[in-house]
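Trainee: Please find upload_16.tsv (TSV, C-alpha atoms) on the next line:
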chain	number	residue	atom	x	y	z
A	1	MET	CA	-71.34	48.41	37.34
A	2	ALA	CA	-72.69	44.90	36.70
A	3	HIS	CA	-75.11	46.23	34.16
A	4	SER	CA	-73.15	49.24	32.96
A	5	GLY	CA	-73.94	49.96	29.31
A	6	ILE	CA	-70.34	49.54	28.17
A	7	ASN	CA	-70.44	45.89	29.22
A	8	VAL	CA	-72.71	45.15	26.29
A	9	LEU	CA	-69.62	45.34	24.07
A	10	PHE	CA	-67.96	42.51	26.00
A	11	GLU	CA	-71.04	40.34	26.36
A	12	GLY	CA	-70.42	37.07	24.50
A	13	ARG	CA	-68.98	37.75	21.04
A	14	ASN	CA	-70.60	41.16	20.55
A	15	LEU	CA	-67.36	43.09	20.01
A	16	ILE	CA	-65.99	40.45	17.64
A	17	ARG	CA	-69.27	40.51	15.72
A	18	LEU	CA	-69.05	44.29	15.38
A	19	PHE	CA	-65.55	44.06	13.95
A	20	GLY	CA	-66.76	41.30	11.64
A	21	GLY	CA	-69.51	43.62	10.42
A	22	LEU	CA	-66.92	46.36	9.93
A	23	TRP	CA	-64.85	43.97	7.81
A	24	THR	CA	-67.92	43.27	5.63
A	25	THR	CA	-68.46	47.01	5.24
A	26	VAL	CA	-64.83	47.67	4.32
A	27	GLU	CA	-64.68	44.68	1.95
A	28	ILE	CA	-67.76	45.78	-0.02
A	29	ALA	CA	-66.56	49.38	-0.15
A	30	ALA	CA	-63.03	48.38	-1.21
A	31	VAL	CA	-64.12	46.07	-4.04
A	32	ALA	CA	-66.72	48.58	-5.25
A	33	LEU	CA	-64.16	51.39	-5.19
A	34	VAL	CA	-61.52	49.44	-7.13
A	35	LEU	CA	-64.02	48.43	-9.82
A	36	GLY	CA	-65.77	51.80	-9.85
A	37	LEU	CA	-62.61	53.90	-10.02
A	38	ILE	CA	-61.20	51.87	-12.92
A	39	LEU	CA	-64.46	52.02	-14.87
A	40	GLY	CA	-64.87	55.69	-13.97
A	41	VAL	CA	-61.46	56.59	-15.42
A	42	VAL	CA	-62.37	54.87	-18.69
A	43	LEU	CA	-65.77	56.57	-18.86
A	44	GLY	CA	-64.25	59.93	-17.94
A	45	VAL	CA	-61.77	59.70	-20.80
A	46	LEU	CA	-64.56	58.71	-23.20
A	47	ARG	CA	-66.59	61.73	-22.12
A	48	THR	CA	-63.90	64.01	-23.53
A	49	PHE	CA	-64.14	62.43	-26.99
A	50	PRO	CA	-65.79	64.50	-29.75
A	51	SER	CA	-68.69	62.06	-30.33
A	52	ARG	CA	-71.90	63.82	-29.23
A	53	LEU	CA	-73.84	60.55	-29.03
A	54	LEU	CA	-71.23	58.96	-26.77
A	55	ARG	CA	-71.11	62.01	-24.52
A	56	PHE	CA	-74.91	62.10	-24.35
A	57	VAL	CA	-75.20	58.42	-23.34
A	58	LEU	CA	-72.50	58.75	-20.68
A	59	ARG	CA	-74.11	61.93	-19.40
A	60	LEU	CA	-77.40	60.05	-18.98
A	61	TYR	CA	-75.54	57.33	-17.09
A	62	LEU	CA	-74.04	59.94	-14.76
A	63	GLU	CA	-77.35	61.71	-14.13
A	64	PHE	CA	-79.17	58.42	-13.47
A	65	PHE	CA	-76.83	57.50	-10.62
A	66	ARG	CA	-76.51	61.10	-9.41
A	67	ILE	CA	-80.22	61.93	-9.24
A	68	ILE	CA	-81.64	58.65	-7.91
A	69	PRO	CA	-80.91	58.18	-4.17
A	70	THR	CA	-78.57	55.32	-3.32
A	71	VAL	CA	-81.21	53.67	-1.15
A	72	VAL	CA	-83.58	53.53	-4.14
A	73	LEU	CA	-80.83	51.99	-6.28
A	74	LEU	CA	-80.23	49.31	-3.64
A	75	PHE	CA	-83.94	48.44	-3.53
A	76	LEU	CA	-84.14	48.49	-7.33
A	77	PHE	CA	-81.21	46.13	-7.83
A	78	TYR	CA	-82.02	43.85	-4.88
A	79	TYR	CA	-85.81	43.55	-4.90
A	80	ILE	CA	-87.18	44.64	-8.30
A	81	LEU	CA	-84.69	43.75	-11.05
A	82	PRO	CA	-84.07	40.15	-9.84
A	83	LYS	CA	-87.81	39.42	-10.01
A	84	GLN	CA	-88.11	40.95	-13.46
A	85	MET	CA	-84.98	39.28	-14.87
A	86	GLY	CA	-85.10	36.03	-12.92
A	87	VAL	CA	-81.60	36.54	-11.50
A	88	ASN	CA	-80.94	36.17	-7.78
A	89	LEU	CA	-77.72	37.59	-6.41
A	90	PRO	CA	-76.55	37.62	-2.78
A	91	ALA	CA	-77.05	40.92	-1.00
A	92	ASN	CA	-73.28	41.51	-0.73
A	93	GLN	CA	-72.84	41.17	-4.50
A	94	VAL	CA	-75.79	43.46	-5.21
A	95	ALA	CA	-74.36	46.07	-2.84
A	96	THR	CA	-70.93	45.83	-4.47
A	97	LEU	CA	-72.47	46.19	-7.95
A	98	VAL	CA	-74.58	49.22	-7.02
A	99	PHE	CA	-71.72	51.01	-5.29
A	100	ALA	CA	-69.31	50.21	-8.12
A	101	LEU	CA	-71.69	51.64	-10.75
A	102	TRP	CA	-72.37	54.70	-8.62
A	103	THR	CA	-68.65	55.24	-8.01
A	104	ALA	CA	-67.94	54.88	-11.73
A	105	ALA	CA	-70.54	57.52	-12.57
A	106	GLU	CA	-69.15	60.04	-10.08
A	107	MET	CA	-65.54	59.23	-10.98
A	108	SER	CA	-66.23	59.77	-14.67
A	109	ASP	CA	-67.24	63.37	-13.92
A	110	ILE	CA	-64.15	63.92	-11.78
A	111	VAL	CA	-61.85	62.57	-14.51
A	112	ARG	CA	-63.59	64.56	-17.23
A	113	GLY	CA	-63.27	67.76	-15.22
A	114	ALA	CA	-59.58	67.12	-14.55
A	115	LEU	CA	-58.83	66.34	-18.19
A	116	ILE	CA	-60.47	69.48	-19.55
A	117	SER	CA	-58.64	71.50	-16.86
A	118	VAL	CA	-55.23	70.56	-18.27
A	119	PRO	CA	-53.86	73.69	-19.98
A	120	LYS	CA	-54.73	73.80	-23.67
A	121	HIS	CA	-51.14	74.37	-24.73
A	122	GLN	CA	-50.18	70.98	-23.25
A	123	ARG	CA	-52.63	69.26	-25.58
A	124	GLU	CA	-51.46	71.34	-28.54
A	125	SER	CA	-47.81	70.58	-27.78
A	126	GLY	CA	-48.51	66.84	-27.74
A	127	MET	CA	-50.35	67.02	-31.04
A	128	ALA	CA	-47.56	69.13	-32.53
A	129	ILE	CA	-44.97	66.39	-31.93
A	130	GLY	CA	-47.17	63.82	-33.63
A	131	LEU	CA	-48.70	61.96	-30.67
A	132	SER	CA	-51.78	59.89	-31.42
A	133	ARG	CA	-54.93	60.40	-29.38
A	134	TRP	CA	-54.13	57.48	-27.07
A	135	GLN	CA	-50.51	58.59	-26.67
A	136	LEU	CA	-51.71	62.11	-25.90
A	137	TYR	CA	-53.94	60.83	-23.11
A	138	ARG	CA	-51.37	58.36	-21.80
A	139	TYR	CA	-48.29	60.58	-21.74
A	140	VAL	CA	-49.68	64.12	-21.44
A	141	LEU	CA	-53.27	64.52	-20.28
A	142	ILE	CA	-53.84	61.70	-17.77
A	143	PRO	CA	-50.54	62.18	-15.83
A	144	GLN	CA	-51.30	65.87	-15.35
A	145	ALA	CA	-54.97	65.23	-14.56
A	146	VAL	CA	-54.11	62.84	-11.72
A	147	SER	CA	-52.91	65.60	-9.39
A	148	LEU	CA	-56.02	67.65	-10.19
A	149	GLU	CA	-58.49	64.84	-9.55
A	150	LEU	CA	-56.89	63.20	-6.51
A	151	PRO	CA	-58.50	65.38	-3.76
A	152	ALA	CA	-61.96	64.94	-5.29
A	153	THR	CA	-61.34	61.21	-5.67
A	154	ILE	CA	-60.43	60.86	-2.00
A	155	ASN	CA	-63.58	62.76	-1.04
A	156	LEU	CA	-65.57	60.35	-3.21
A	157	VAL	CA	-63.99	57.43	-1.37
A	158	THR	CA	-65.10	58.86	1.99
A	159	ARG	CA	-68.63	59.37	0.63
A	160	VAL	CA	-68.81	55.77	-0.51
A	161	ILE	CA	-67.61	54.47	2.84
A	162	LYS	CA	-70.15	56.59	4.74
A	163	THR	CA	-72.99	55.58	2.44
A	164	THR	CA	-72.37	51.89	3.19
A	165	SER	CA	-74.47	52.58	6.29
A	166	LEU	CA	-77.46	51.91	4.01
A	167	LEU	CA	-76.46	48.29	3.41
A	168	MET	CA	-78.56	47.02	6.31
A	169	LEU	CA	-81.66	47.92	4.28
A	170	ILE	CA	-81.00	44.97	1.96
A	171	SER	CA	-80.01	42.63	4.80
A	172	VAL	CA	-76.24	42.87	4.40
A	173	MET	CA	-74.58	41.96	7.69
A	174	ASP	CA	-72.55	45.16	7.84
A	175	VAL	CA	-71.46	46.89	11.03
A	176	ILE	CA	-74.72	48.88	11.30
A	177	ASN	CA	-76.87	45.76	10.94
A	178	VAL	CA	-74.79	43.83	13.47
A	179	GLY	CA	-74.95	46.77	15.85
A	180	GLN	CA	-78.72	46.88	15.58
A	181	GLN	CA	-78.94	43.16	16.37
A	182	VAL	CA	-76.64	43.55	19.38
A	183	VAL	CA	-78.77	46.41	20.72
A	184	GLU	CA	-82.04	44.51	20.28
A	185	ALA	CA	-80.68	41.33	21.88
A	186	ASN	CA	-79.30	43.13	24.93
A	187	ASN	CA	-81.75	46.01	25.34
A	188	GLN	CA	-83.35	44.74	28.55
A	189	LYS	CA	-80.13	43.81	30.30
A	190	TYR	CA	-78.22	46.89	29.11
A	191	PRO	CA	-80.75	49.72	28.51
A	192	THR	CA	-77.96	52.24	27.85
A	193	GLY	CA	-75.98	49.82	25.71
A	194	VAL	CA	-77.32	51.44	22.55
A	195	PHE	CA	-75.12	54.50	23.19
A	196	TRP	CA	-72.00	52.37	23.52
A	197	VAL	CA	-72.77	50.19	20.49
A	198	TYR	CA	-73.44	53.11	18.17
A	199	GLY	CA	-70.65	55.05	19.83
A	200	ILE	CA	-68.06	52.46	18.85
A	201	ILE	CA	-69.58	52.29	15.34
A	202	PHE	CA	-69.11	56.07	15.13
A	203	VAL	CA	-65.47	55.65	16.18
A	204	MET	CA	-64.96	52.95	13.53
A	205	TYR	CA	-66.27	55.18	10.74
A	206	PHE	CA	-64.35	58.18	12.08
A	207	VAL	CA	-61.04	56.29	12.19
A	208	ILE	CA	-61.51	55.23	8.56
A	209	ASP	CA	-62.89	58.45	7.09
A	210	TYR	CA	-61.15	61.26	8.97
A	211	PRO	CA	-57.57	60.51	7.78
A	212	LEU	CA	-58.83	60.36	4.19
A	213	SER	CA	-60.71	63.65	4.56
A	214	TRP	CA	-57.66	65.30	6.16
A	215	TRP	CA	-55.44	64.01	3.35
A	216	ALA	CA	-57.78	65.35	0.67
A	217	LYS	CA	-57.90	68.81	2.28
A	218	ARG	CA	-54.11	68.87	2.66
A	219	MET	CA	-53.54	67.92	-0.98
A	220	ASP	CA	-56.05	70.49	-2.20
A	221	LYS	CA	-54.37	73.16	-0.07
A	222	LYS	CA	-50.93	72.28	-1.50
A	223	ARG	CA	-52.32	72.37	-5.04
A	224	LEU	CA	-53.75	75.86	-4.48
A	225	GLU	CA	-50.49	77.05	-2.96
A	226	ARG	CA	-48.53	75.81	-6.00
A	227	ALA	CA	-51.04	77.45	-8.34
A	228	ASN	CA	-50.82	80.79	-6.50
A	229	GLY	CA	-47.07	80.51	-6.01
Can the structure in the file be given as structure tokens, please?
Mentor:
Amino acid sequence: MAHSGINVLFEGRNLIRLFGGLWTTVEIAAVALVLGLILGVVLGVLRTFPSRLLRFVLRLYLEFFRIIPTVVLLFLFYYILPKQMGVNLPANQVATLVFALWTAAEMSDIVRGALISVPKHQRESGMAIGLSRWQLYRYVLIPQAVSLELPATINLVTRVIKTTSLLMLISVMDVINVGQQVVEANNQKYPTGVFWVYGIIFVMYFVIDYPLSWWAKRMDKKRLERANG
């Protein structure tokens, strides 16, 4: 068992490095989600306004981030735009920016869908008692839309976390990148270590994502039961 593959995890600081990479992954995802969700709510509300020009511009923004693969966006913001604009940002900041903008685009569509799903009579009742547009959104539409959009929002969060596996492509020291370095450095001594390294990375992602996915499904099920009940 001297060279058992599992020992690669306890060689030197390998396990600590993996958890450090996981922290980098979670930190980037968390900051991007906070910024993206806030911006997405604002953009989603704006997309329900009557202005055709505003809706058209925001629709283009959504389609840009929806159609272009995330890996292309990372390369665009990390390698191409800095050279063209003369601005150099650390890889972690570029990753946070890209994921925040992508999250905002997707969240705007979730919020818009939830807002237009609020029963029409609720909007008419608010207008009938003299609420302004902002009061209507604040006290009537947004509170009711929250329960409608929450399952989809949680699913978006899990997608963002899983997609952080692409961060190694722009040299971010995330858990995938650290894992790759551990495997390469110990490949000769622990030929089967790759299975244990990527196995524990799988467990890390599973522990983070599965509870969120389960929660989203449970909430969606309860919402359907209330609607049918």
Trainee: Hey, which of A:Arg59, A:Lys83, A:Arg218, A:Arg112 ends up closest to A:Val42? Count only C-alpha atoms.
Mentor: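 Residue with the minimum atom-to-atom distance to A:Val42: A:Arg112.
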Trainee: Measure the distance from atom CA of A:Trp134 to atom CA of A:Val45 in Å and round it to one decimal.
Mentor: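 Computed distance, atom CA of A:Trp134 to atom CA of A:Val45, equals 10.1 Å.
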Trainee: Can you write out as JSON lines which residues of stretch 8-31 of chain A fall within 6 Å of stretch 174-195 of chain A, alongside each residue's closest atom pair and its distance in Å to one decimal, counting all atoms listed in the file and ordering rows by chain and ascending residue number?
Mentor:
{"residue": "A:Val8", "atom": "CA", "partner": "A:Gly193", "partner_atom": "CA", "distance": 5.7}
{"residue": "A:Leu18", "atom": "CA", "partner": "A:Val175", "partner_atom": "CA", "distance": 5.6}
{"residue": "A:Gly21", "atom": "CA", "partner": "A:Val175", "partner_atom": "CA", "distance": 3.9}
{"residue": "A:Leu22", "atom": "CA", "partner": "A:Val175", "partner_atom": "CA", "distance": 4.7}
{"residue": "A:Thr24", "atom": "CA", "partner": "A:Asp174", "partner_atom": "CA", "distance": 5.5}
{"residue": "A:Thr25", "atom": "CA", "partner": "A:Asp174", "partner_atom": "CA", "distance": 5.2}
Trainee: Counting all atoms listed in the file, figure out which residue out of A:Met107, A:Val157, A:Leu89, A:Leu33 gets nearest to A:Tyr210.
Mentor: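 Closest to A:Tyr210, using all atoms listed in the file: A:Val157.
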Trainee: What is the atom CA of A:Leu141-atom CA of A:Gln122 distance in Å, reported with one decimal?
Mentor: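 So the answer is 7.8 Å.
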Trainee: Expressed in Å to a single decimal, how great is the separation between atom CA of A:Ala114 and atom CA of A:Trp214?
Mentor: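 One can read the atom CA of A:Ala114 to atom CA of A:Trp214 distance as 20.9 Å.
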Trainee: Give the answer as one residue: which of A:Ser171, A:Val160, A:Val197, A:Gly44 has the shortest atom-to-atom distance to A:Tyr79, using only C-alpha atoms?
Mentor: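 Looking only at the distances to A:Tyr79, the closest residue turns out to be A:Ser171.
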